[in-house]
>>> print(open('coords-v1.pdb').read())   # PDB, C-alpha atoms, pLDDT in the B column
ATOM      1  CA  MET A   1       0.000   0.000   0.000  1.00 39.00           C
ATOM      2  CA  SER A   2       1.222   3.460  -0.795  1.00 38.00           C
ATOM      3  CA  ASP A   3       1.255   6.283   1.714  1.00 38.00           C
ATOM      4  CA  LYS A   4      -0.695   8.389  -0.758  1.00 38.00           C
ATOM      5  CA  ILE A   5      -4.298   7.642   0.151  1.00 40.00           C
ATOM      6  CA  ALA A   6      -6.129  10.464  -1.563  1.00 42.00           C
ATOM      7  CA  GLU A   7      -9.039  10.772  -3.954  1.00 45.00           C
ATOM      8  CA  THR A   8      -6.565  10.618  -6.846  1.00 42.00           C
ATOM      9  CA  SER A   9      -5.700   7.078  -5.751  1.00 72.00           C
ATOM     10  CA  LEU A  10      -9.021   6.026  -7.319  1.00 91.00           C
ATOM     11  CA  PHE A  11      -7.036   5.711 -10.580  1.00 95.00           C
ATOM     12  CA  ASP A  12      -3.867   3.750 -11.387  1.00 95.00           C
ATOM     13  CA  ARG A  13      -2.135   3.972 -14.734  1.00 96.00           C
ATOM     14  CA  ASP A  14      -1.807   0.166 -14.876  1.00 96.00           C
ATOM     15  CA  THR A  15      -5.593  -0.236 -14.639  1.00 97.00           C
ATOM     16  CA  VAL A  16      -6.622   2.074 -17.481  1.00 98.00           C
ATOM     17  CA  TYR A  17      -7.661   0.079 -20.549  1.00 98.00           C
ATOM     18  CA  VAL A  18      -8.383   0.688 -24.214  1.00 98.00           C
ATOM     19  CA  SER A  19     -10.282  -2.359 -25.451  1.00 98.00           C
ATOM     20  CA  ASP A  20     -10.816  -3.846 -28.915  1.00 97.00           C
ATOM     21  CA  ALA A  21     -13.481  -6.198 -27.535  1.00 98.00           C
ATOM     22  CA  THR A  22     -16.750  -6.501 -29.449  1.00 97.00           C
ATOM     23  CA  SER A  23     -18.924  -7.929 -26.655  1.00 98.00           C
ATOM     24  CA  ARG A  24     -19.566  -7.292 -22.995  1.00 98.00           C
ATOM     25  CA  ALA A  25     -18.400 -10.820 -22.145  1.00 97.00           C
ATOM     26  CA  ASP A  26     -15.071 -10.271 -23.924  1.00 98.00           C
ATOM     27  CA  VAL A  27     -14.287  -6.895 -22.367  1.00 98.00           C
ATOM     28  CA  PHE A  28     -15.252  -8.117 -18.887  1.00 98.00           C
ATOM     29  CA  LYS A  29     -13.134 -11.260 -19.320  1.00 98.00           C
ATOM     30  CA  SER A  30      -9.968  -9.518 -20.536  1.00 98.00           C
ATOM     31  CA  VAL A  31     -10.110  -6.746 -17.920  1.00 98.00           C
ATOM     32  CA  ALA A  32     -11.087  -9.091 -15.057  1.00 98.00           C
ATOM     33  CA  GLU A  33      -8.255 -11.511 -15.900  1.00 98.00           C
ATOM     34  CA  ASP A  34      -5.744  -8.657 -15.883  1.00 98.00           C
ATOM     35  CA  LEU A  35      -7.110  -7.213 -12.627  1.00 98.00           C
ATOM     36  CA  TYR A  36      -6.888 -10.682 -11.047  1.00 98.00           C
ATOM     37  CA  LYS A  37      -3.279 -11.128 -12.246  1.00 98.00           C
ATOM     38  CA  LYS A  38      -2.403  -7.761 -10.707  1.00 97.00           C
ATOM     39  CA  GLY A  39      -4.027  -8.715  -7.372  1.00 97.00           C
ATOM     40  CA  HIS A  40      -6.887  -6.189  -7.422  1.00 96.00           C
ATOM     41  CA  VAL A  41      -9.787  -8.693  -7.424  1.00 97.00           C
ATOM     42  CA  THR A  42     -10.600 -12.253  -6.374  1.00 97.00           C
ATOM     43  CA  LYS A  43     -10.909 -15.281  -8.630  1.00 97.00           C
ATOM     44  CA  ASP A  44     -14.727 -15.047  -8.559  1.00 97.00           C
ATOM     45  CA  PHE A  45     -14.789 -11.382  -9.631  1.00 98.00           C
ATOM     46  CA  LEU A  46     -15.590 -12.080 -13.310  1.00 98.00           C
ATOM     47  CA  LYS A  47     -18.442 -14.482 -12.524  1.00 98.00           C
ATOM     48  CA  ASN A  48     -19.995 -12.002 -10.088  1.00 97.00           C
ATOM     49  CA  LEU A  49     -19.466  -9.069 -12.463  1.00 97.00           C
ATOM     50  CA  ASN A  50     -21.429 -10.843 -15.226  1.00 98.00           C
ATOM     51  CA  GLU A  51     -24.178 -12.034 -12.861  1.00 97.00           C
ATOM     52  CA  ARG A  52     -24.604  -8.580 -11.360  1.00 96.00           C
ATOM     53  CA  GLU A  53     -24.691  -6.855 -14.762  1.00 97.00           C
ATOM     54  CA  ASP A  54     -27.369  -9.336 -15.917  1.00 97.00           C
ATOM     55  CA  LYS A  55     -29.546  -8.665 -12.848  1.00 97.00           C
ATOM     56  CA  TYR A  56     -28.803  -4.974 -12.299  1.00 96.00           C
ATOM     57  CA  PRO A  57     -27.717  -3.309 -15.564  1.00 97.00           C
ATOM     58  CA  THR A  58     -25.370  -0.326 -15.315  1.00 97.00           C
ATOM     59  CA  GLY A  59     -25.746   1.423 -18.686  1.00 98.00           C
ATOM     60  CA  ILE A  60     -26.242   5.186 -18.390  1.00 97.00           C
ATOM     61  CA  ASP A  61     -27.824   7.203 -21.188  1.00 96.00           C
ATOM     62  CA  LEU A  62     -25.741  10.384 -21.335  1.00 96.00           C
ATOM     63  CA  SER A  63     -27.832  11.950 -24.116  1.00 93.00           C
ATOM     64  CA  VAL A  64     -29.828  13.593 -21.316  1.00 90.00           C
ATOM     65  CA  VAL A  65     -26.633  15.418 -20.241  1.00 92.00           C
ATOM     66  CA  SER A  66     -25.516  16.132 -23.822  1.00 93.00           C
ATOM     67  CA  PRO A  67     -26.655  14.570 -27.110  1.00 94.00           C
ATOM     68  CA  GLU A  68     -22.980  14.567 -28.161  1.00 94.00           C
ATOM     69  CA  TYR A  69     -21.784  12.371 -25.268  1.00 96.00           C
ATOM     70  CA  PRO A  70     -21.419   8.634 -25.740  1.00 96.00           C
ATOM     71  CA  ASN A  71     -23.316   6.382 -23.364  1.00 97.00           C
ATOM     72  CA  VAL A  72     -21.342   4.859 -20.507  1.00 98.00           C
ATOM     73  CA  ALA A  73     -21.714   1.928 -18.141  1.00 98.00           C
ATOM     74  CA  ILE A  74     -20.562   1.644 -14.558  1.00 97.00           C
ATOM     75  CA  PRO A  75     -20.192  -2.100 -13.920  1.00 97.00           C
ATOM     76  CA  HIS A  76     -19.314  -3.280 -10.417  1.00 94.00           C
ATOM     77  CA  THR A  77     -19.586  -6.253  -8.061  1.00 92.00           C
ATOM     78  CA  GLU A  78     -20.105  -6.908  -4.390  1.00 90.00           C
ATOM     79  CA  ALA A  79     -17.288  -5.787  -2.073  1.00 92.00           C
ATOM     80  CA  GLU A  80     -16.241  -9.357  -1.225  1.00 94.00           C
ATOM     81  CA  PHE A  81     -14.855  -9.868  -4.764  1.00 96.00           C
ATOM     82  CA  VAL A  82     -12.612  -6.797  -4.662  1.00 95.00           C
ATOM     83  CA  LYS A  83      -9.405  -6.107  -2.727  1.00 94.00           C
ATOM     84  CA  GLU A  84      -9.332  -2.287  -2.887  1.00 92.00           C
ATOM     85  CA  ARG A  85     -11.153   0.884  -3.866  1.00 91.00           C
ATOM     86  CA  LYS A  86     -10.563   2.261  -7.352  1.00 93.00           C
ATOM     87  CA  VAL A  87     -12.187   3.176 -10.630  1.00 96.00           C
ATOM     88  CA  VAL A  88     -11.042   1.291 -13.726  1.00 98.00           C
ATOM     89  CA  PRO A  89     -11.621   3.378 -16.882  1.00 98.00           C
ATOM     90  CA  ILE A  90     -12.132   1.350 -20.068  1.00 98.00           C
ATOM     91  CA  LYS A  91     -12.369   3.021 -23.484  1.00 98.00           C
ATOM     92  CA  LEU A  92     -14.247   0.764 -25.908  1.00 98.00           C
ATOM     93  CA  LYS A  93     -12.989   1.129 -29.489  1.00 97.00           C
ATOM     94  CA  ASN A  94     -16.124  -0.735 -30.595  1.00 97.00           C
ATOM     95  CA  PRO A  95     -19.398   0.314 -28.956  1.00 97.00           C
ATOM     96  CA  ILE A  96     -20.906  -2.566 -26.970  1.00 98.00           C
ATOM     97  CA  SER A  97     -24.540  -3.166 -26.020  1.00 98.00           C
ATOM     98  CA  PHE A  98     -25.535  -2.650 -22.370  1.00 98.00           C
ATOM     99  CA  ASN A  99     -28.933  -2.439 -20.714  1.00 98.00           C
ATOM    100  CA  ASN A 100     -30.107   0.793 -19.132  1.00 97.00           C
ATOM    101  CA  MET A 101     -29.722   1.192 -15.367  1.00 95.00           C
ATOM    102  CA  ILE A 102     -32.995   3.171 -15.160  1.00 95.00           C
ATOM    103  CA  ASP A 103     -35.041   1.036 -17.595  1.00 96.00           C
ATOM    104  CA  PRO A 104     -33.420  -2.427 -17.873  1.00 96.00           C
ATOM    105  CA  SER A 105     -35.628  -3.345 -20.865  1.00 96.00           C
ATOM    106  CA  GLN A 106     -33.875  -0.630 -22.887  1.00 96.00           C
ATOM    107  CA  GLU A 107     -30.594  -1.560 -24.565  1.00 96.00           C
ATOM    108  CA  PHE A 108     -28.080   0.849 -26.111  1.00 97.00           C
ATOM    109  CA  GLU A 109     -24.515   1.118 -27.312  1.00 97.00           C
ATOM    110  CA  VAL A 110     -21.889   2.122 -24.755  1.00 98.00           C
ATOM    111  CA  SER A 111     -18.422   3.491 -25.600  1.00 97.00           C
ATOM    112  CA  PHE A 112     -16.833   3.958 -22.179  1.00 98.00           C
ATOM    113  CA  LEU A 113     -16.853   2.008 -18.919  1.00 98.00           C
ATOM    114  CA  PHE A 114     -16.065   3.256 -15.446  1.00 98.00           C
ATOM    115  CA  MET A 115     -15.679  -0.090 -13.648  1.00 97.00           C
ATOM    116  CA  ILE A 116     -15.954   0.424  -9.899  1.00 95.00           C
ATOM    117  CA  LEU A 117     -13.805  -1.708  -7.614  1.00 94.00           C
ATOM    118  CA  ASN A 118     -14.911  -1.109  -4.062  1.00 90.00           C
ATOM    119  CA  ASN A 119     -14.057  -3.240  -1.058  1.00 90.00           C
ATOM    120  CA  ASP A 120     -16.263  -1.002   1.125  1.00 84.00           C
ATOM    121  CA  PRO A 121     -19.924  -2.083   0.744  1.00 74.00           C
ATOM    122  CA  GLU A 122     -21.106   1.325   1.980  1.00 73.00           C
ATOM    123  CA  GLY A 123     -19.025   3.293  -0.498  1.00 67.00           C
ATOM    124  CA  GLN A 124     -20.409   2.099  -3.865  1.00 63.00           C
ATOM    125  CA  SER A 125     -22.987   4.867  -4.299  1.00 72.00           C
ATOM    126  CA  ASN A 126     -20.426   7.471  -3.216  1.00 86.00           C
ATOM    127  CA  VAL A 127     -18.070   6.499  -6.065  1.00 88.00           C
ATOM    128  CA  LEU A 128     -21.008   6.411  -8.493  1.00 87.00           C
ATOM    129  CA  ALA A 129     -21.949   9.945  -7.409  1.00 90.00           C
ATOM    130  CA  GLN A 130     -18.347  11.108  -7.934  1.00 92.00           C
ATOM    131  CA  ILE A 131     -18.371   9.712 -11.482  1.00 94.00           C
ATOM    132  CA  MET A 132     -21.652  11.471 -12.280  1.00 93.00           C
ATOM    133  CA  ASP A 133     -20.300  14.732 -10.797  1.00 94.00           C
ATOM    134  CA  PHE A 134     -17.227  14.411 -13.012  1.00 95.00           C
ATOM    135  CA  ILE A 135     -19.433  13.945 -16.102  1.00 95.00           C
ATOM    136  CA  ASN A 136     -21.758  16.817 -15.151  1.00 94.00           C
ATOM    137  CA  LYS A 137     -19.100  19.322 -14.073  1.00 95.00           C
ATOM    138  CA  THR A 138     -16.344  18.814 -16.653  1.00 96.00           C
ATOM    139  CA  PRO A 139     -16.616  21.346 -19.517  1.00 96.00           C
ATOM    140  CA  GLN A 140     -18.301  19.713 -22.507  1.00 95.00           C
ATOM    141  CA  ASN A 141     -15.473  20.278 -25.023  1.00 96.00           C
ATOM    142  CA  GLN A 142     -12.952  18.704 -22.616  1.00 97.00           C
ATOM    143  CA  LEU A 143     -15.193  15.738 -21.857  1.00 96.00           C
ATOM    144  CA  LEU A 144     -15.812  15.119 -25.582  1.00 96.00           C
ATOM    145  CA  THR A 145     -12.035  15.034 -26.165  1.00 96.00           C
ATOM    146  CA  PHE A 146     -11.669  12.678 -23.196  1.00 97.00           C
ATOM    147  CA  PHE A 147     -14.353  10.270 -24.465  1.00 97.00           C
ATOM    148  CA  LYS A 148     -12.753  10.205 -27.954  1.00 95.00           C
ATOM    149  CA  SER A 149      -9.257   9.479 -26.630  1.00 96.00           C
ATOM    150  CA  THR A 150      -7.793   6.065 -27.442  1.00 96.00           C
ATOM    151  CA  SER A 151      -4.626   6.571 -25.397  1.00 97.00           C
ATOM    152  CA  ALA A 152      -4.564   4.994 -21.952  1.00 97.00           C
ATOM    153  CA  ASP A 153      -1.934   7.569 -20.896  1.00 97.00           C
ATOM    154  CA  ALA A 154      -4.135  10.480 -22.004  1.00 97.00           C
ATOM    155  CA  ILE A 155      -7.190   8.998 -20.261  1.00 97.00           C
ATOM    156  CA  TYR A 156      -5.215   8.520 -17.045  1.00 97.00           C
ATOM    157  CA  SER A 157      -3.722  12.039 -17.150  1.00 96.00           C
ATOM    158  CA  PHE A 158      -7.110  13.627 -17.790  1.00 97.00           C
ATOM    159  CA  LEU A 159      -8.726  11.762 -14.885  1.00 96.00           C
ATOM    160  CA  GLN A 160      -5.824  12.608 -12.560  1.00 92.00           C
ATOM    161  CA  SER A 161      -6.215  16.312 -13.320  1.00 92.00           C
ATOM    162  CA  LYS A 162     -10.028  16.617 -13.616  1.00 92.00           C
ATOM    163  CA  PHE A 163     -11.650  13.992 -11.397  1.00 91.00           C
TER     164      PHE A 163
END
>>> encode(input="coords-v1.pdb", output="structure tokens")
Amino acid sequence: MSDKIAETSLFDRDTVYVSDATSRADVFKSVAEDLYKKGHVTKDFLKNLNEREDKYPTGIDLSVVSPEYPNVAIPHTEAEFVKERKVVPIKLKNPISFNNMIDPSQEFEVSFLFMILNNDPEGQSNVLAQIMDFINKTPQNQLLTFFKSTSADAIYSFLQSKF
């Protein structure tokens, strides 16, 4: 553990991903396997991530914030499958179908994931609120550039400075 326990520690450069996956299952599998290898999650993380997304979809329609924004999803699991608290940003080069958090019968294309890892069961909604604040408060032109970025370094730097 580092001595630097601050809000900025929600992001680590080695857990920012740019994915070529073409399905939810593929992106979840590749990211979960890497997170497991790096010691951030338990072996059952992937299974729980998929089960939870099936039961409680996390797609968020950002057209209500701005018609120019891509939709995002905020997948997460129960605290017992996670070893720390962080947000894992995942840029999807190919939009992937997710179901809507508000209306699970509605499906839409998502281009960016903010995967929440949270080993504190009480803190999940707090991190979700921080992500929504970031989306609502970041100037639109900057956020559009951020969502279009396909560089993990650029995504990490932007989040470190703006989140």
>>> closest_atom_pairs(input="coords-v1.pdb", of="stretch 61-91 of chain A", to="stretch 139-152 of chain A", cutoff="8 Å", atoms="only C-alpha atoms", output="tab-separated table")
residue	atom	partner	partner_atom	distance
A:Glu68	CA	A:Leu144	CA	7.6
A:Tyr69	CA	A:Leu144	CA	6.6
A:Pro70	CA	A:Phe147	CA	7.4
A:Lys91	CA	A:Thr150	CA	6.8
>>> residues_near_point(input="coords-v1.pdb", point="(-33.9, 1.5, -20.6)", cutoff="12 Å", atoms="only C-alpha atoms", output="ChimeraX atom specification")
/A:56-61,71,97-109
>>> write_last_selection(input="coords-v1.pdb", atoms="C-alpha atoms", output="PDB file, in the coordinates of the input")
ATOM      1  CA  TYR A  56     -28.803  -4.974 -12.299  1.00 96.00           C
ATOM      2  CA  PRO A  57     -27.717  -3.309 -15.564  1.00 97.00           C
ATOM      3  CA  THR A  58     -25.370  -0.326 -15.315  1.00 97.00           C
ATOM      4  CA  GLY A  59     -25.746   1.423 -18.686  1.00 98.00           C
ATOM      5  CA  ILE A  60     -26.242   5.186 -18.390  1.00 97.00           C
ATOM      6  CA  ASP A  61     -27.824   7.203 -21.188  1.00 96.00           C
ATOM      7  CA  ASN A  71     -23.316   6.382 -23.364  1.00 97.00           C
ATOM      8  CA  SER A  97     -24.540  -3.166 -26.020  1.00 98.00           C
ATOM      9  CA  PHE A  98     -25.535  -2.650 -22.370  1.00 98.00           C
ATOM     10  CA  ASN A  99     -28.933  -2.439 -20.714  1.00 98.00           C
ATOM     11  CA  ASN A 100     -30.107   0.793 -19.132  1.00 97.00           C
ATOM     12  CA  MET A 101     -29.722   1.192 -15.367  1.00 95.00           C
ATOM     13  CA  ILE A 102     -32.995   3.171 -15.160  1.00 95.00           C
ATOM     14  CA  ASP A 103     -35.041   1.036 -17.595  1.00 96.00           C
ATOM     15  CA  PRO A 104     -33.420  -2.427 -17.873  1.00 96.00           C
ATOM     16  CA  SER A 105     -35.628  -3.345 -20.865  1.00 96.00           C
ATOM     17  CA  GLN A 106     -33.875  -0.630 -22.887  1.00 96.00           C
ATOM     18  CA  GLU A 107     -30.594  -1.560 -24.565  1.00 96.00           C
ATOM     19  CA  PHE A 108     -28.080   0.849 -26.111  1.00 97.00           C
ATOM     20  CA  GLU A 109     -24.515   1.118 -27.312  1.00 97.00           C
TER      21      GLU A 109
END
>>> resolve_selection(input="coords-v1.pdb", expression="the PyMOL selection byres ((chain A and resi 85) around 10)", output="PDB file with C-alpha atoms, in the frame of the given file")
ATOM      1  CA  SER A   9      -5.700   7.078  -5.751  1.00 72.00           C
ATOM      2  CA  LEU A  10      -9.021   6.026  -7.319  1.00 91.00           C
ATOM      3  CA  PHE A  11      -7.036   5.711 -10.580  1.00 95.00           C
ATOM      4  CA  HIS A  40      -6.887  -6.189  -7.422  1.00 96.00           C
ATOM      5  CA  ALA A  79     -17.288  -5.787  -2.073  1.00 92.00           C
ATOM      6  CA  VAL A  82     -12.612  -6.797  -4.662  1.00 95.00           C
ATOM      7  CA  LYS A  83      -9.405  -6.107  -2.727  1.00 94.00           C
ATOM      8  CA  GLU A  84      -9.332  -2.287  -2.887  1.00 92.00           C
ATOM      9  CA  LYS A  86     -10.563   2.261  -7.352  1.00 93.00           C
ATOM     10  CA  VAL A  87     -12.187   3.176 -10.630  1.00 96.00           C
ATOM     11  CA  VAL A  88     -11.042   1.291 -13.726  1.00 98.00           C
ATOM     12  CA  ILE A 116     -15.954   0.424  -9.899  1.00 95.00           C
ATOM     13  CA  LEU A 117     -13.805  -1.708  -7.614  1.00 94.00           C
ATOM     14  CA  ASN A 118     -14.911  -1.109  -4.062  1.00 90.00           C
ATOM     15  CA  ASN A 119     -14.057  -3.240  -1.058  1.00 90.00           C
ATOM     16  CA  ASP A 120     -16.263  -1.002   1.125  1.00 84.00           C
ATOM     17  CA  GLY A 123     -19.025   3.293  -0.498  1.00 67.00           C
ATOM     18  CA  GLN A 124     -20.409   2.099  -3.865  1.00 63.00           C
ATOM     19  CA  VAL A 127     -18.070   6.499  -6.065  1.00 88.00           C
TER      20      VAL A 127
END
>>> residues_around(input="coords-v1.pdb", residues="A:Pro95", least_positions_apart="6", cutoff="9 Å", atoms="all atoms listed in the file", output="MDAnalysis selection string")
chainID A and resid 21:23 109:112
>>> axis_aligned_box(input="coords-v1.pdb", around="stretch 62-73 of chain A", padding_each_side="3 Å", output="lines of an AutoDock Vina configuration file")
center_x = -25.6
center_y = 9.0
center_z = -23.2
size_x = 14.5
size_y = 20.2
size_z = 16.0
>>> residues_around(input="coords-v1.pdb", residues="A:Pro89", least_positions_apart="5", cutoff="7 Å", atoms="all atoms listed in the file", output="compact mmCIF listing (two decimals) with C-alpha atoms, keeping the file's coordinate frame")
# COMPACT_ATOMS: atom_id res chain seq x y z
CA VAL A 16 -6.62 2.07 -17.48
CA TYR A 17 -7.66 0.08 -20.55
CA LEU A 113 -16.85 2.01 -18.92
CA PHE A 114 -16.07 3.26 -15.45
CA MET A 115 -15.68 -0.09 -13.65
>>> build_atoms(input="coords-v1.pdb", residues="stretch 49-75 of chain A", atoms="N, CA, C and O atoms", output="short mmCIF file (atom, residue, chain, number, x, y, z; two decimals), keeping the file's coordinate frame")
data_model
loop_
_atom_site.label_atom_id
_atom_site.label_comp_id
_atom_site.auth_asym_id
_atom_site.auth_seq_id
_atom_site.Cartn_x
_atom_site.Cartn_y
_atom_site.Cartn_z
N LEU A 49 -19.29 -10.25 -11.62
CA LEU A 49 -19.47 -9.07 -12.46
C LEU A 49 -20.54 -9.33 -13.52
O LEU A 49 -21.46 -8.52 -13.72
N ASN A 50 -20.44 -10.48 -14.20
CA ASN A 50 -21.43 -10.84 -15.23
C ASN A 50 -22.82 -11.06 -14.63
O ASN A 50 -23.81 -10.58 -15.17
N GLU A 51 -22.88 -11.77 -13.50
CA GLU A 51 -24.18 -12.03 -12.86
C GLU A 51 -24.85 -10.73 -12.43
O GLU A 51 -26.04 -10.53 -12.63
N ARG A 52 -24.05 -9.84 -11.86
CA ARG A 52 -24.60 -8.58 -11.36
C ARG A 52 -25.07 -7.70 -12.52
O ARG A 52 -26.11 -7.05 -12.44
N GLU A 53 -24.30 -7.67 -13.60
CA GLU A 53 -24.69 -6.86 -14.76
C GLU A 53 -25.97 -7.40 -15.39
O GLU A 53 -26.80 -6.64 -15.88
N ASP A 54 -26.13 -8.73 -15.39
CA ASP A 54 -27.37 -9.34 -15.92
C ASP A 54 -28.58 -8.94 -15.07
O ASP A 54 -29.65 -8.65 -15.61
N LYS A 55 -28.42 -8.96 -13.76
CA LYS A 55 -29.55 -8.66 -12.85
C LYS A 55 -29.79 -7.17 -12.68
O LYS A 55 -30.93 -6.74 -12.56
N TYR A 56 -28.71 -6.41 -12.58
CA TYR A 56 -28.80 -4.97 -12.30
C TYR A 56 -27.96 -4.22 -13.31
O TYR A 56 -26.80 -3.88 -13.03
N PRO A 57 -28.50 -3.95 -14.50
CA PRO A 57 -27.72 -3.31 -15.56
C PRO A 57 -27.17 -1.95 -15.12
O PRO A 57 -27.76 -1.28 -14.27
N THR A 58 -26.04 -1.56 -15.73
CA THR A 58 -25.37 -0.33 -15.32
C THR A 58 -25.18 0.67 -16.45
O THR A 58 -24.41 1.62 -16.32
N GLY A 59 -25.86 0.47 -17.58
CA GLY A 59 -25.75 1.42 -18.69
C GLY A 59 -26.39 2.76 -18.33
O GLY A 59 -27.47 2.79 -17.73
N ILE A 60 -25.71 3.85 -18.67
CA ILE A 60 -26.24 5.19 -18.39
C ILE A 60 -26.34 5.97 -19.70
O ILE A 60 -25.34 6.14 -20.41
N ASP A 61 -27.54 6.42 -19.98
CA ASP A 61 -27.82 7.20 -21.19
C ASP A 61 -27.38 8.64 -20.95
O ASP A 61 -28.03 9.38 -20.22
N LEU A 62 -26.26 9.03 -21.56
CA LEU A 62 -25.74 10.38 -21.34
C LEU A 62 -26.33 11.41 -22.29
O LEU A 62 -26.02 12.59 -22.19
N SER A 63 -27.23 10.98 -23.20
CA SER A 63 -27.83 11.95 -24.12
C SER A 63 -28.66 12.98 -23.35
O SER A 63 -28.86 14.08 -23.82
N VAL A 64 -29.09 12.63 -22.13
CA VAL A 64 -29.83 13.59 -21.32
C VAL A 64 -28.92 14.71 -20.79
O VAL A 64 -29.36 15.81 -20.52
N VAL A 65 -27.62 14.41 -20.67
CA VAL A 65 -26.63 15.42 -20.24
C VAL A 65 -26.21 16.23 -21.46
O VAL A 65 -26.18 17.45 -21.44
N SER A 66 -25.86 15.51 -22.55
CA SER A 66 -25.52 16.13 -23.82
C SER A 66 -25.72 15.12 -24.93
O SER A 66 -25.22 14.00 -24.83
N PRO A 67 -26.43 15.51 -26.01
CA PRO A 67 -26.66 14.57 -27.11
C PRO A 67 -25.34 14.15 -27.78
O PRO A 67 -25.30 13.15 -28.47
N GLU A 68 -24.27 14.90 -27.55
CA GLU A 68 -22.98 14.57 -28.16
C GLU A 68 -22.18 13.53 -27.37
O GLU A 68 -21.23 12.96 -27.88
N TYR A 69 -22.54 13.31 -26.10
CA TYR A 69 -21.78 12.37 -25.27
C TYR A 69 -22.12 10.93 -25.64
O TYR A 69 -23.28 10.61 -25.91
N PRO A 70 -21.12 10.05 -25.57
CA PRO A 70 -21.42 8.63 -25.74
C PRO A 70 -22.07 8.11 -24.45
O PRO A 70 -21.91 8.71 -23.38
N ASN A 71 -22.78 7.02 -24.56
CA ASN A 71 -23.32 6.38 -23.36
C ASN A 71 -22.18 5.68 -22.63
O ASN A 71 -21.19 5.27 -23.24
N VAL A 72 -22.35 5.54 -21.32
CA VAL A 72 -21.34 4.86 -20.51
C VAL A 72 -22.03 3.76 -19.70
O VAL A 72 -23.25 3.70 -19.61
N ALA A 73 -21.20 2.90 -19.10
CA ALA A 73 -21.71 1.93 -18.14
C ALA A 73 -20.78 1.95 -16.95
O ALA A 73 -19.59 2.29 -17.08
N ILE A 74 -21.33 1.60 -15.80
CA ILE A 74 -20.56 1.64 -14.56
C ILE A 74 -20.68 0.28 -13.86
O ILE A 74 -21.32 0.15 -12.82
N PRO A 75 -20.08 -0.75 -14.49
CA PRO A 75 -20.19 -2.10 -13.92
C PRO A 75 -19.44 -2.21 -12.59
O PRO A 75 -18.43 -1.55 -12.38
#
